[in-house]
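Participant: Provided herewith: upload_13.pdb, PDB, C-alpha atoms.
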```pdb
ATOM      1  CA  MET A   1      24.136   1.420  26.363  1.00  0.00           C
ATOM      2  CA  ASN A   2      21.379  -0.677  27.941  1.00  0.00           C
ATOM      3  CA  LYS A   3      19.154  -2.965  25.896  1.00  0.00           C
ATOM      4  CA  PHE A   4      16.154  -0.625  25.957  1.00  0.00           C
ATOM      5  CA  THR A   5      18.175   2.362  24.739  1.00  0.00           C
ATOM      6  CA  TYR A   6      19.800   0.249  22.048  1.00  0.00           C
ATOM      7  CA  ALA A   7      16.434  -1.050  20.842  1.00  0.00           C
ATOM      8  CA  LEU A   8      15.017   2.476  20.800  1.00  0.00           C
ATOM      9  CA  ALA A   9      17.978   3.774  18.786  1.00  0.00           C
ATOM     10  CA  LEU A  10      17.759   0.859  16.378  1.00  0.00           C
ATOM     11  CA  GLY A  11      14.040   1.423  15.849  1.00  0.00           C
ATOM     12  CA  ALA A  12      14.549   5.134  15.248  1.00  0.00           C
ATOM     13  CA  GLY A  13      17.306   4.375  12.764  1.00  0.00           C
ATOM     14  CA  LEU A  14      15.073   1.998  10.831  1.00  0.00           C
ATOM     15  CA  VAL A  15      12.281   4.564  10.624  1.00  0.00           C
ATOM     16  CA  LEU A  16      14.666   7.296   9.464  1.00  0.00           C
ATOM     17  CA  SER A  17      16.218   4.983   6.879  1.00  0.00           C
ATOM     18  CA  VAL A  18      12.771   4.299   5.436  1.00  0.00           C
ATOM     19  CA  ALA A  19      11.736   7.952   5.479  1.00  0.00           C
ATOM     20  CA  ALA A  20      15.010   9.389   4.168  1.00  0.00           C
ATOM     21  CA  PRO A  21      15.453   9.946   0.429  1.00  0.00           C
ATOM     22  CA  ASN A  22      17.775   7.747  -1.575  1.00  0.00           C
ATOM     23  CA  ALA A  23      21.265   9.234  -1.294  1.00  0.00           C
ATOM     24  CA  GLN A  24      22.256   8.021  -4.761  1.00  0.00           C
ATOM     25  CA  ALA A  25      19.317   9.233  -6.859  1.00  0.00           C
ATOM     26  CA  ASP A  26      15.811  10.578  -6.667  1.00  0.00           C
ATOM     27  CA  PRO A  27      13.126   7.863  -6.664  1.00  0.00           C
ATOM     28  CA  LEU A  28      12.008   6.988 -10.188  1.00  0.00           C
ATOM     29  CA  VAL A  29       8.473   5.994  -9.241  1.00  0.00           C
ATOM     30  CA  ASP A  30       6.170   7.362  -6.542  1.00  0.00           C
ATOM     31  CA  THR A  31       3.252   5.382  -5.151  1.00  0.00           C
ATOM     32  CA  ILE A  32      -0.045   7.194  -4.649  1.00  0.00           C
ATOM     33  CA  THR A  33      -2.362   5.790  -1.999  1.00  0.00           C
ATOM     34  CA  PRO A  34      -5.909   7.090  -2.593  1.00  0.00           C
ATOM     35  CA  THR A  35      -8.009   8.259   0.342  1.00  0.00           C
ATOM     36  CA  PRO A  36     -11.697   7.252   0.534  1.00  0.00           C
ATOM     37  CA  MET A  37     -14.128  10.127  -0.058  1.00  0.00           C
ATOM     38  CA  ASP A  38     -17.904   9.863   0.107  1.00  0.00           C
ATOM     39  CA  ALA A  39     -19.652  10.787  -3.149  1.00  0.00           C
ATOM     40  CA  THR A  40     -21.854  13.299  -1.321  1.00  0.00           C
ATOM     41  CA  GLN A  41     -18.806  15.172  -0.032  1.00  0.00           C
ATOM     42  CA  PHE A  42     -17.150  15.125  -3.459  1.00  0.00           C
ATOM     43  CA  ASN A  43     -20.269  16.486  -5.154  1.00  0.00           C
ATOM     44  CA  SER A  44     -20.441  19.292  -2.583  1.00  0.00           C
ATOM     45  CA  LEU A  45     -16.870  20.364  -3.411  1.00  0.00           C
ATOM     46  CA  PHE A  46     -16.679  19.856  -7.181  1.00  0.00           C
ATOM     47  CA  THR A  47     -18.802  20.718 -10.209  1.00  0.00           C
ATOM     48  CA  PRO A  48     -18.400  19.099 -13.662  1.00  0.00           C
ATOM     49  CA  SER A  49     -16.184  20.999 -16.105  1.00  0.00           C
ATOM     50  CA  THR A  50     -16.734  18.490 -18.926  1.00  0.00           C
ATOM     51  CA  ALA A  51     -19.173  15.849 -20.037  1.00  0.00           C
ATOM     52  CA  VAL A  52     -18.152  12.236 -19.472  1.00  0.00           C
ATOM     53  CA  LEU A  53     -15.678  11.036 -22.082  1.00  0.00           C
ATOM     54  CA  THR A  54     -16.535   7.394 -22.829  1.00  0.00           C
ATOM     55  CA  SER A  55     -14.026   5.674 -25.082  1.00  0.00           C
ATOM     56  CA  ASN A  56     -13.827   2.024 -26.171  1.00  0.00           C
ATOM     57  CA  TYR A  57     -10.763  -0.189 -26.169  1.00  0.00           C
ATOM     58  CA  GLY A  58     -10.019  -3.591 -27.649  1.00  0.00           C
ATOM     59  CA  PHE A  59      -7.471  -6.389 -27.668  1.00  0.00           C
ATOM     60  CA  MET A  60      -6.536  -8.918 -30.306  1.00  0.00           C
ATOM     61  CA  ASN A  61      -9.255 -11.605 -30.333  1.00  0.00           C
ATOM     62  CA  THR A  62     -11.375  -9.351 -28.071  1.00  0.00           C
ATOM     63  CA  PRO A  63     -12.265  -6.309 -30.201  1.00  0.00           C
ATOM     64  CA  ASN A  64     -14.996  -5.041 -27.859  1.00  0.00           C
ATOM     65  CA  ALA A  65     -13.131  -5.488 -24.581  1.00  0.00           C
ATOM     66  CA  GLY A  66     -14.442  -2.514 -22.604  1.00  0.00           C
ATOM     67  CA  VAL A  67     -14.593   1.232 -22.026  1.00  0.00           C
ATOM     68  CA  VAL A  68     -12.662   3.945 -20.199  1.00  0.00           C
ATOM     69  CA  GLU A  69     -14.732   6.738 -18.662  1.00  0.00           C
ATOM     70  CA  SER A  70     -13.219  10.035 -17.539  1.00  0.00           C
ATOM     71  CA  GLN A  71     -14.560  13.403 -16.441  1.00  0.00           C
ATOM     72  CA  VAL A  72     -13.021  16.634 -15.135  1.00  0.00           C
ATOM     73  CA  PHE A  73     -14.425  18.623 -12.207  1.00  0.00           C
ATOM     74  CA  THR A  74     -13.619  22.118 -10.911  1.00  0.00           C
ATOM     75  CA  GLY A  75     -13.202  22.629  -7.184  1.00  0.00           C
ATOM     76  CA  THR A  76     -15.196  25.114  -5.133  1.00  0.00           C
ATOM     77  CA  GLY A  77     -14.976  26.259  -1.510  1.00  0.00           C
ATOM     78  CA  ALA A  78     -12.257  24.280   0.282  1.00  0.00           C
ATOM     79  CA  ALA A  79     -11.330  22.681  -3.075  1.00  0.00           C
ATOM     80  CA  ALA A  80     -10.975  25.986  -4.979  1.00  0.00           C
ATOM     81  CA  GLY A  81      -7.995  25.964  -7.334  1.00  0.00           C
ATOM     82  CA  LEU A  82      -8.130  22.214  -7.893  1.00  0.00           C
ATOM     83  CA  TYR A  83      -9.206  20.158 -10.883  1.00  0.00           C
ATOM     84  CA  ALA A  84     -10.396  16.634 -10.150  1.00  0.00           C
ATOM     85  CA  TYR A  85      -9.726  14.021 -12.840  1.00  0.00           C
ATOM     86  CA  ALA A  86     -12.099  11.075 -12.390  1.00  0.00           C
ATOM     87  CA  TYR A  87     -11.378   7.703 -14.022  1.00  0.00           C
ATOM     88  CA  GLN A  88     -13.276   4.453 -14.290  1.00  0.00           C
ATOM     89  CA  PHE A  89     -12.272   1.328 -16.208  1.00  0.00           C
ATOM     90  CA  GLY A  90     -14.940  -1.022 -17.478  1.00  0.00           C
ATOM     91  CA  VAL A  91     -14.453  -4.567 -18.780  1.00  0.00           C
ATOM     92  CA  ASN A  92     -17.220  -6.001 -20.945  1.00  0.00           C
ATOM     93  CA  ASN A  93     -18.546  -9.442 -20.087  1.00  0.00           C
ATOM     94  CA  VAL A  94     -17.013 -11.036 -23.198  1.00  0.00           C
ATOM     95  CA  GLN A  95     -14.521 -13.775 -24.016  1.00  0.00           C
ATOM     96  CA  ASP A  96     -11.171 -13.849 -25.734  1.00  0.00           C
ATOM     97  CA  THR A  97     -12.113 -15.854 -28.835  1.00  0.00           C
ATOM     98  CA  SER A  98      -8.687 -17.503 -29.134  1.00  0.00           C
ATOM     99  CA  ILE A  99      -8.739 -19.146 -25.698  1.00  0.00           C
ATOM    100  CA  HIS A 100     -12.484 -19.031 -24.925  1.00  0.00           C
ATOM    101  CA  GLN A 101     -11.868 -17.401 -21.547  1.00  0.00           C
ATOM    102  CA  PRO A 102     -13.338 -14.159 -20.110  1.00  0.00           C
ATOM    103  CA  THR A 103     -11.282 -11.088 -20.908  1.00  0.00           C
ATOM    104  CA  SER A 104      -9.694  -8.926 -18.211  1.00  0.00           C
ATOM    105  CA  VAL A 105      -7.430  -5.910 -17.614  1.00  0.00           C
ATOM    106  CA  ASN A 106      -4.143  -6.095 -15.727  1.00  0.00           C
ATOM    107  CA  SER A 107      -3.370  -2.364 -15.655  1.00  0.00           C
ATOM    108  CA  ALA A 108      -4.068   0.981 -17.334  1.00  0.00           C
ATOM    109  CA  SER A 109      -1.606   3.798 -17.994  1.00  0.00           C
ATOM    110  CA  GLU A 110      -1.773   7.310 -19.444  1.00  0.00           C
ATOM    111  CA  LEU A 111       0.211  10.517 -19.682  1.00  0.00           C
ATOM    112  CA  PHE A 112      -0.491  12.933 -16.833  1.00  0.00           C
ATOM    113  CA  ASN A 113       1.268  16.163 -17.705  1.00  0.00           C
ATOM    114  CA  ALA A 114       1.622  17.681 -14.232  1.00  0.00           C
ATOM    115  CA  THR A 115       2.571  16.321 -10.838  1.00  0.00           C
ATOM    116  CA  PRO A 116      -0.617  15.367  -8.952  1.00  0.00           C
ATOM    117  CA  ALA A 117      -1.604  18.037  -6.447  1.00  0.00           C
ATOM    118  CA  GLY A 118      -1.800  17.300  -2.744  1.00  0.00           C
ATOM    119  CA  SER A 119      -4.953  18.103  -0.759  1.00  0.00           C
ATOM    120  CA  ASN A 120      -6.536  17.285   2.588  1.00  0.00           C
ATOM    121  CA  LEU A 121     -10.236  17.517   1.826  1.00  0.00           C
ATOM    122  CA  THR A 122     -11.255  14.696   4.168  1.00  0.00           C
ATOM    123  CA  GLY A 123      -9.198  15.884   7.154  1.00  0.00           C
ATOM    124  CA  THR A 124      -7.166  12.674   7.250  1.00  0.00           C
ATOM    125  CA  GLY A 125      -3.886  14.014   5.874  1.00  0.00           C
ATOM    126  CA  THR A 126      -2.423  15.075   2.557  1.00  0.00           C
ATOM    127  CA  THR A 127      -3.291  12.841  -0.382  1.00  0.00           C
ATOM    128  CA  TYR A 128      -2.993  13.063  -4.156  1.00  0.00           C
ATOM    129  CA  ALA A 129      -5.966  10.929  -5.158  1.00  0.00           C
ATOM    130  CA  TYR A 130      -9.318   9.787  -3.769  1.00  0.00           C
ATOM    131  CA  VAL A 131     -11.426   6.684  -4.260  1.00  0.00           C
ATOM    132  CA  ILE A 132     -15.125   7.535  -4.336  1.00  0.00           C
ATOM    133  CA  THR A 133     -17.407   5.603  -1.992  1.00  0.00           C
ATOM    134  CA  ASN A 134     -21.176   5.361  -1.499  1.00  0.00           C
ATOM    135  CA  GLY A 135     -22.426   6.831  -4.725  1.00  0.00           C
ATOM    136  CA  GLN A 136     -21.858   8.411  -8.104  1.00  0.00           C
ATOM    137  CA  VAL A 137     -19.960  11.521  -9.196  1.00  0.00           C
ATOM    138  CA  GLY A 138     -20.947  13.475 -12.279  1.00  0.00           C
ATOM    139  CA  GLY A 139     -21.879  11.199 -15.150  1.00  0.00           C
ATOM    140  CA  ILE A 140     -19.416   8.417 -14.274  1.00  0.00           C
ATOM    141  CA  ASN A 141     -21.216   5.083 -13.943  1.00  0.00           C
ATOM    142  CA  LEU A 142     -21.691   3.457 -10.575  1.00  0.00           C
ATOM    143  CA  PRO A 143     -19.023   0.824  -9.887  1.00  0.00           C
ATOM    144  CA  GLN A 144     -19.997  -2.764 -10.576  1.00  0.00           C
ATOM    145  CA  ALA A 145     -18.357  -5.974  -9.447  1.00  0.00           C
ATOM    146  CA  ALA A 146     -17.469  -8.723 -11.871  1.00  0.00           C
ATOM    147  CA  PRO A 147     -19.568 -11.875 -11.326  1.00  0.00           C
ATOM    148  CA  GLY A 148     -18.372 -13.646  -8.196  1.00  0.00           C
ATOM    149  CA  SER A 149     -16.080 -10.777  -7.196  1.00  0.00           C
ATOM    150  CA  VAL A 150     -16.186  -7.417  -5.401  1.00  0.00           C
ATOM    151  CA  VAL A 151     -15.883  -3.855  -6.702  1.00  0.00           C
ATOM    152  CA  GLN A 152     -12.208  -3.388  -7.508  1.00  0.00           C
ATOM    153  CA  THR A 153      -9.926  -0.394  -7.119  1.00  0.00           C
ATOM    154  CA  PRO A 154      -6.273  -0.436  -8.188  1.00  0.00           C
ATOM    155  CA  SER A 155      -3.935  -2.380  -5.927  1.00  0.00           C
ATOM    156  CA  SER A 156      -1.495   0.495  -6.508  1.00  0.00           C
ATOM    157  CA  ILE A 157      -1.238   3.770  -8.421  1.00  0.00           C
ATOM    158  CA  ALA A 158       2.199   4.779  -9.698  1.00  0.00           C
ATOM    159  CA  TRP A 159       3.312   8.294 -10.659  1.00  0.00           C
ATOM    160  CA  LEU A 160       6.331   8.267 -12.987  1.00  0.00           C
ATOM    161  CA  PRO A 161       7.826  11.740 -13.633  1.00  0.00           C
ATOM    162  CA  SER A 162      10.191  12.562 -16.481  1.00  0.00           C
ATOM    163  CA  SER A 163      11.794  15.843 -17.532  1.00  0.00           C
ATOM    164  CA  THR A 164       8.762  17.312 -19.333  1.00  0.00           C
ATOM    165  CA  THR A 165       5.767  15.111 -18.508  1.00  0.00           C
ATOM    166  CA  GLY A 166       4.718  12.186 -16.343  1.00  0.00           C
ATOM    167  CA  SER A 167       2.452   9.177 -16.369  1.00  0.00           C
ATOM    168  CA  LEU A 168      -0.006   7.408 -14.100  1.00  0.00           C
ATOM    169  CA  THR A 169      -0.356   3.635 -13.973  1.00  0.00           C
ATOM    170  CA  PHE A 170      -3.371   2.038 -12.314  1.00  0.00           C
ATOM    171  CA  GLN A 171      -2.305  -1.496 -11.383  1.00  0.00           C
ATOM    172  CA  TYR A 172      -4.914  -4.200 -10.769  1.00  0.00           C
ATOM    173  CA  LEU A 173      -3.040  -7.494 -11.179  1.00  0.00           C
ATOM    174  CA  ASN A 174      -0.544  -7.652  -8.312  1.00  0.00           C
ATOM    175  CA  PRO A 175       1.010 -10.900  -7.017  1.00  0.00           C
ATOM    176  CA  THR A 176       2.441  -9.093  -3.978  1.00  0.00           C
ATOM    177  CA  THR A 177      -1.055  -8.385  -2.657  1.00  0.00           C
ATOM    178  CA  SER A 178      -2.636 -11.505  -4.243  1.00  0.00           C
ATOM    179  CA  THR A 179      -4.910  -9.206  -6.254  1.00  0.00           C
ATOM    180  CA  GLY A 180      -6.348 -10.472  -9.519  1.00  0.00           C
ATOM    181  CA  PRO A 181      -6.984  -8.507 -12.719  1.00  0.00           C
ATOM    182  CA  LEU A 182     -10.071  -6.381 -13.322  1.00  0.00           C
ATOM    183  CA  GLY A 183     -12.486  -9.063 -14.457  1.00  0.00           C
ATOM    184  CA  ALA A 184     -15.044  -9.373 -17.225  1.00  0.00           C
ATOM    185  CA  GLY A 185     -18.290  -7.602 -16.323  1.00  0.00           C
ATOM    186  CA  ALA A 186     -16.622  -5.163 -13.912  1.00  0.00           C
ATOM    187  CA  MET A 187     -16.858  -1.381 -13.662  1.00  0.00           C
ATOM    188  CA  SER A 188     -13.988  -0.337 -11.414  1.00  0.00           C
ATOM    189  CA  GLY A 189     -14.282   1.926  -8.417  1.00  0.00           C
ATOM    190  CA  THR A 190     -13.965   5.588  -9.416  1.00  0.00           C
ATOM    191  CA  ILE A 191     -10.500   7.040  -8.799  1.00  0.00           C
ATOM    192  CA  VAL A 192     -10.039  10.826  -8.695  1.00  0.00           C
ATOM    193  CA  VAL A 193      -6.572  12.357  -9.132  1.00  0.00           C
ATOM    194  CA  MET A 194      -6.055  16.025  -8.194  1.00  0.00           C
ATOM    195  CA  SER A 195      -4.282  18.653 -10.284  1.00  0.00           C
ATOM    196  CA  THR A 196      -4.010  22.424 -10.537  1.00  0.00           C
ATOM    197  CA  GLN A 197      -3.899  22.233 -14.356  1.00  0.00           C
ATOM    198  CA  PRO A 198      -6.855  22.454 -16.784  1.00  0.00           C
ATOM    199  CA  PHE A 199      -7.538  19.577 -19.116  1.00  0.00           C
ATOM    200  CA  THR A 200      -6.584  18.102 -22.446  1.00  0.00           C
ATOM    201  CA  GLU A 201      -6.930  14.513 -23.758  1.00  0.00           C
ATOM    202  CA  HIS A 202      -4.511  11.612 -24.186  1.00  0.00           C
ATOM    203  CA  TYR A 203      -4.614   7.986 -25.265  1.00  0.00           C
ATOM    204  CA  VAL A 204      -4.809   5.277 -22.591  1.00  0.00           C
ATOM    205  CA  SER A 205      -2.805   2.063 -22.728  1.00  0.00           C
ATOM    206  CA  LEU A 206      -4.379  -1.032 -21.153  1.00  0.00           C
ATOM    207  CA  GLN A 207      -2.565  -4.291 -20.489  1.00  0.00           C
ATOM    208  CA  ASN A 208      -3.933  -7.746 -21.185  1.00  0.00           C
ATOM    209  CA  PRO A 209      -2.222 -10.985 -22.288  1.00  0.00           C
ATOM    210  CA  GLU A 210      -3.330 -10.048 -25.817  1.00  0.00           C
ATOM    211  CA  PRO A 211      -1.897  -7.019 -27.695  1.00  0.00           C
ATOM    212  CA  GLN A 212      -4.039  -3.881 -27.569  1.00  0.00           C
ATOM    213  CA  THR A 213      -5.644  -3.020 -30.913  1.00  0.00           C
ATOM    214  CA  LEU A 214      -7.974  -0.107 -30.051  1.00  0.00           C
ATOM    215  CA  TYR A 215      -6.787   2.752 -27.848  1.00  0.00           C
ATOM    216  CA  PRO A 216      -9.267   4.889 -25.860  1.00  0.00           C
ATOM    217  CA  TRP A 217      -9.009   8.568 -24.945  1.00  0.00           C
ATOM    218  CA  ALA A 218      -9.188  10.069 -21.462  1.00  0.00           C
ATOM    219  CA  TYR A 219      -8.842  13.505 -19.911  1.00  0.00           C
ATOM    220  CA  SER A 220      -5.421  14.570 -18.628  1.00  0.00           C
ATOM    221  CA  PRO A 221      -3.916  17.851 -17.377  1.00  0.00           C
ATOM    222  CA  THR A 222      -2.205  20.303 -19.682  1.00  0.00           C
ATOM    223  CA  PRO A 223       1.571  20.585 -19.100  1.00  0.00           C
ATOM    224  CA  GLY A 224       2.567  21.885 -15.684  1.00  0.00           C
ATOM    225  CA  GLN A 225       5.295  21.447 -13.091  1.00  0.00           C
ATOM    226  CA  ILE A 226       6.833  17.978 -13.051  1.00  0.00           C
ATOM    227  CA  GLY A 227       8.508  16.425 -10.035  1.00  0.00           C
ATOM    228  CA  GLY A 228       8.343  13.738  -7.396  1.00  0.00           C
ATOM    229  CA  ILE A 229       5.704  13.402  -4.712  1.00  0.00           C
ATOM    230  CA  PRO A 230       6.922  14.137  -1.160  1.00  0.00           C
ATOM    231  CA  ALA A 231       7.528  11.049   0.959  1.00  0.00           C
ATOM    232  CA  PRO A 232       5.089  10.432   3.838  1.00  0.00           C
ATOM    233  CA  GLU A 233       6.052  11.475   7.343  1.00  0.00           C
ATOM    234  CA  PRO A 234       7.589   8.749   9.573  1.00  0.00           C
ATOM    235  CA  ALA A 235       4.371   8.579  11.631  1.00  0.00           C
ATOM    236  CA  THR A 236       2.453   7.856   8.440  1.00  0.00           C
ATOM    237  CA  ILE A 237       4.917   5.125   7.495  1.00  0.00           C
ATOM    238  CA  LEU A 238       4.495   3.499  10.900  1.00  0.00           C
ATOM    239  CA  ALA A 239       0.714   3.723  10.620  1.00  0.00           C
ATOM    240  CA  TRP A 240       0.745   2.078   7.182  1.00  0.00           C
ATOM    241  CA  THR A 241       3.143  -0.604   8.482  1.00  0.00           C
ATOM    242  CA  SER A 242       0.588  -1.455  11.168  1.00  0.00           C
ATOM    243  CA  VAL A 243      -2.195  -1.589   8.584  1.00  0.00           C
ATOM    244  CA  ILE A 244      -0.171  -3.874   6.288  1.00  0.00           C
ATOM    245  CA  ALA A 245       0.696  -6.139   9.204  1.00  0.00           C
ATOM    246  CA  GLY A 246      -2.972  -6.307  10.173  1.00  0.00           C
ATOM    247  CA  LEU A 247      -3.973  -7.207   6.623  1.00  0.00           C
ATOM    248  CA  ALA A 248      -1.344  -9.931   6.514  1.00  0.00           C
ATOM    249  CA  VAL A 249      -2.636 -11.425   9.768  1.00  0.00           C
ATOM    250  CA  GLY A 250      -6.192 -11.216   8.422  1.00  0.00           C
ATOM    251  CA  ASN A 251      -5.203 -12.990   5.208  1.00  0.00           C
ATOM    252  CA  ARG A 252      -3.489 -15.794   7.150  1.00  0.00           C
ATOM    253  CA  PHE A 253      -6.567 -16.147   9.354  1.00  0.00           C
ATOM    254  CA  ARG A 254      -8.885 -16.383   6.333  1.00  0.00           C
ATOM    255  CA  ARG A 255      -6.634 -18.966   4.666  1.00  0.00           C
ATOM    256  CA  LYS A 256      -6.576 -21.118   7.817  1.00  0.00           C
ATOM    257  CA  HIS A 257     -10.351 -20.748   8.137  1.00  0.00           C
ATOM    258  CA  LYS A 258     -10.877 -21.860   4.517  1.00  0.00           C
ATOM    259  CA  THR A 259      -8.671 -24.947   4.964  1.00  0.00           C
ATOM    260  CA  ALA A 260     -10.217 -25.894   8.305  1.00  0.00           C
TER     261      ALA A 260
END
```
Written as structure tokens, how would this file's structure read?
Facilitator:
Amino acid sequence: MNKFTYALALGAGLVLSVAAPNAQADPLVDTITPTPMDATQFNSLFTPSTAVLTSNYGFMNTPNAGVVESQVFTGTGAAAGLYAYAYQFGVNNVQDTSIHQPTSVNSASELFNATPAGSNLTGTGTTYAYVITNGQVGGINLPQAAPGSVVQTPSSIAWLPSSTTGSLTFQYLNPTTSTGPLGAGAMSGTIVVMSTQPFTEHYVSLQNPEPQTLYPWAYSPTPGQIGGIPAPEPATILAWTSVIAGLAVGNRFRRKHKTA
């Protein structure tokens, strides 16, 4: 076998090993990568099914830490049969009184009683969630950056299925991507998760160095089919590998530029 053929076979094997399911057990956690969708397009495909549910949360030594906003939309036209669950996490511009530092949110998690539904409303491939850009949807507030920062969306979204229900975790603090927590004064970017199930309400758990003392409510699907999310195609994996590599190069370039 010549070197070129060997390299080609090795590369194909690596791709297939990444794309293939775990032979020992099904994956416990699936990662959802949201696709950008312009607010104008979203509003042309979905109409509000509910009013905005605005619910406060608090931590020990920070009783008025922030709010969770959620709203449910019903799909029309190309989105018929879908319910869109929109979420936004707000952090008030207040301090933790025990340490006299601005409060923040590391992550947010809630029950999501049906496997997120796949859709391809932007023509860029199947996705299970969207991040709204360039505007407002329904009554959800416009995103707002914390002072000195940029508008934040989760560094990752995790879907964790169990036998009868599942949960979503929106992760902001992430050392792998050098992403900080959702800061004081921020209103996060609006994330929309798709489902075929109508809505109910559940408590939301938010993580901070302090224990949570006040739990907010948010909309969630009624019970439906529970399972894992299909793995991306090998071509998609390769595309995302290129993107990650590009981001890494960009980060190294910015670090060198800052130290120059």
Participant: For Gly138 in chain A, list every protein, DNA or RNA residue within 10 Å, evaluated using all atoms listed in the file, and leave out those in the same chain fewer than 2 positions away; present the list as number ranges by chain.
Facilitator: A: 39, 42-43, 46-52, 70-73, 86, 136, 140-141
Participant: May I have the residues from that selection written out with C-alpha atoms, as a short mmCIF file (atom, residue, chain, number, x, y, z; two decimals), in the coordinates of the input?
Facilitator:
```cif
data_model
loop_
_atom_site.label_atom_id
_atom_site.label_comp_id
_atom_site.auth_asym_id
_atom_site.auth_seq_id
_atom_site.Cartn_x
_atom_site.Cartn_y
_atom_site.Cartn_z
CA ALA A 39 -19.65 10.79 -3.15
CA PHE A 42 -17.15 15.12 -3.46
CA ASN A 43 -20.27 16.49 -5.15
CA PHE A 46 -16.68 19.86 -7.18
CA THR A 47 -18.80 20.72 -10.21
CA PRO A 48 -18.40 19.10 -13.66
CA SER A 49 -16.18 21.00 -16.10
CA THR A 50 -16.73 18.49 -18.93
CA ALA A 51 -19.17 15.85 -20.04
CA VAL A 52 -18.15 12.24 -19.47
CA SER A 70 -13.22 10.04 -17.54
CA GLN A 71 -14.56 13.40 -16.44
CA VAL A 72 -13.02 16.63 -15.14
CA PHE A 73 -14.42 18.62 -12.21
CA ALA A 86 -12.10 11.08 -12.39
CA GLN A 136 -21.86 8.41 -8.10
CA ILE A 140 -19.42 8.42 -14.27
CA ASN A 141 -21.22 5.08 -13.94
#
```
Participant: Which residue out of A:Tyr87, A:Phe59, A:Phe112, A:Tyr215 has the minimum interatomic distance to Pro198 in chain A when only C-alpha atoms are used?
Facilitator: A:Phe112
Participant: Using Å and a single decimal, report how far CA of Val91 in chain A sits from CA of Ala186 in chain A.
Facilitator: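 CA of Val91 in chain A lies at a distance of 5.4 Å from CA of Ala186 in chain A.
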Participant: I'd like to see the residues matched by the PyMOL selection byres ((chain A and resi 168) around 8) on this file, and ideally I'd get them as a ChimeraX atom specification.
Facilitator: /A:109-112,157-160,166-167,169-170
Participant: Find the residue from A:Gly77, A:Pro181, A:Pro209, A:Gly118 that sits nearest to Pro154 in chain A; use only C-alpha atoms when measuring.
Facilitator: A:Pro181
Participant: Using the chain letters and residue numbers of this document, give as a PDB file with C-alpha atoms, in the frame of the given file the residues selected by the PyMOL selection byres ((chain A and resi 188) around 9).
Facilitator:
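Okay, this is what ended up in expr.pdb:
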```
ATOM      1  CA  TYR A  87     -11.378   7.703 -14.022  1.00  0.00           C
ATOM      2  CA  GLN A  88     -13.276   4.453 -14.290  1.00  0.00           C
ATOM      3  CA  PHE A  89     -12.272   1.328 -16.208  1.00  0.00           C
ATOM      4  CA  GLY A  90     -14.940  -1.022 -17.478  1.00  0.00           C
ATOM      5  CA  VAL A  91     -14.453  -4.567 -18.780  1.00  0.00           C
ATOM      6  CA  LEU A 142     -21.691   3.457 -10.575  1.00  0.00           C
ATOM      7  CA  PRO A 143     -19.023   0.824  -9.887  1.00  0.00           C
ATOM      8  CA  GLN A 144     -19.997  -2.764 -10.576  1.00  0.00           C
ATOM      9  CA  ALA A 145     -18.357  -5.974  -9.447  1.00  0.00           C
ATOM     10  CA  VAL A 151     -15.883  -3.855  -6.702  1.00  0.00           C
ATOM     11  CA  GLN A 152     -12.208  -3.388  -7.508  1.00  0.00           C
ATOM     12  CA  THR A 153      -9.926  -0.394  -7.119  1.00  0.00           C
ATOM     13  CA  PRO A 154      -6.273  -0.436  -8.188  1.00  0.00           C
ATOM     14  CA  LEU A 182     -10.071  -6.381 -13.322  1.00  0.00           C
ATOM     15  CA  ALA A 186     -16.622  -5.163 -13.912  1.00  0.00           C
ATOM     16  CA  MET A 187     -16.858  -1.381 -13.662  1.00  0.00           C
ATOM     17  CA  GLY A 189     -14.282   1.926  -8.417  1.00  0.00           C
ATOM     18  CA  THR A 190     -13.965   5.588  -9.416  1.00  0.00           C
ATOM     19  CA  ILE A 191     -10.500   7.040  -8.799  1.00  0.00           C
TER      20      ILE A 191
END
```
Participant: If I take CA of Asn174 in chain A and CA of Leu206 in chain A, how far is one from the other in Å, to one decimal?
Facilitator: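 CA of Leu206 in chain A lies 14.9 Å from CA of Asn174 in chain A.
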Participant: For the structure provided, state which residues fall under the PyMOL selection byres ((chain A and resi 229) around 9), and present them as a PyMOL selection string.
Facilitator: chain A and resi 30-32+115-118+128+159+227-228+230-231
Participant: Counting only C-alpha atoms, write as a ChimeraX atom specification all protein and nucleic acid residues lying at most 10 Å from (-8.3, 7.8, -27.3) in the file's frame.
Facilitator: /A:53-57,68,201-205,214-219
Participant: Calculated over all atoms listed in the file, which of the candidates A:Ile99, A:Ala129, A:Val137, A:Ala184 has the smallest distance to Leu45 in chain A?
Facilitator: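 Residue with the minimum atom-to-atom distance to Leu45 in chain A: A:Val137.
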Participant: Which is closer to Ala108 in chain A than all the others in A:Leu173, A:Ala84, A:Val150, A:Leu121, using all atoms listed in the file?
Facilitator: A:Leu173
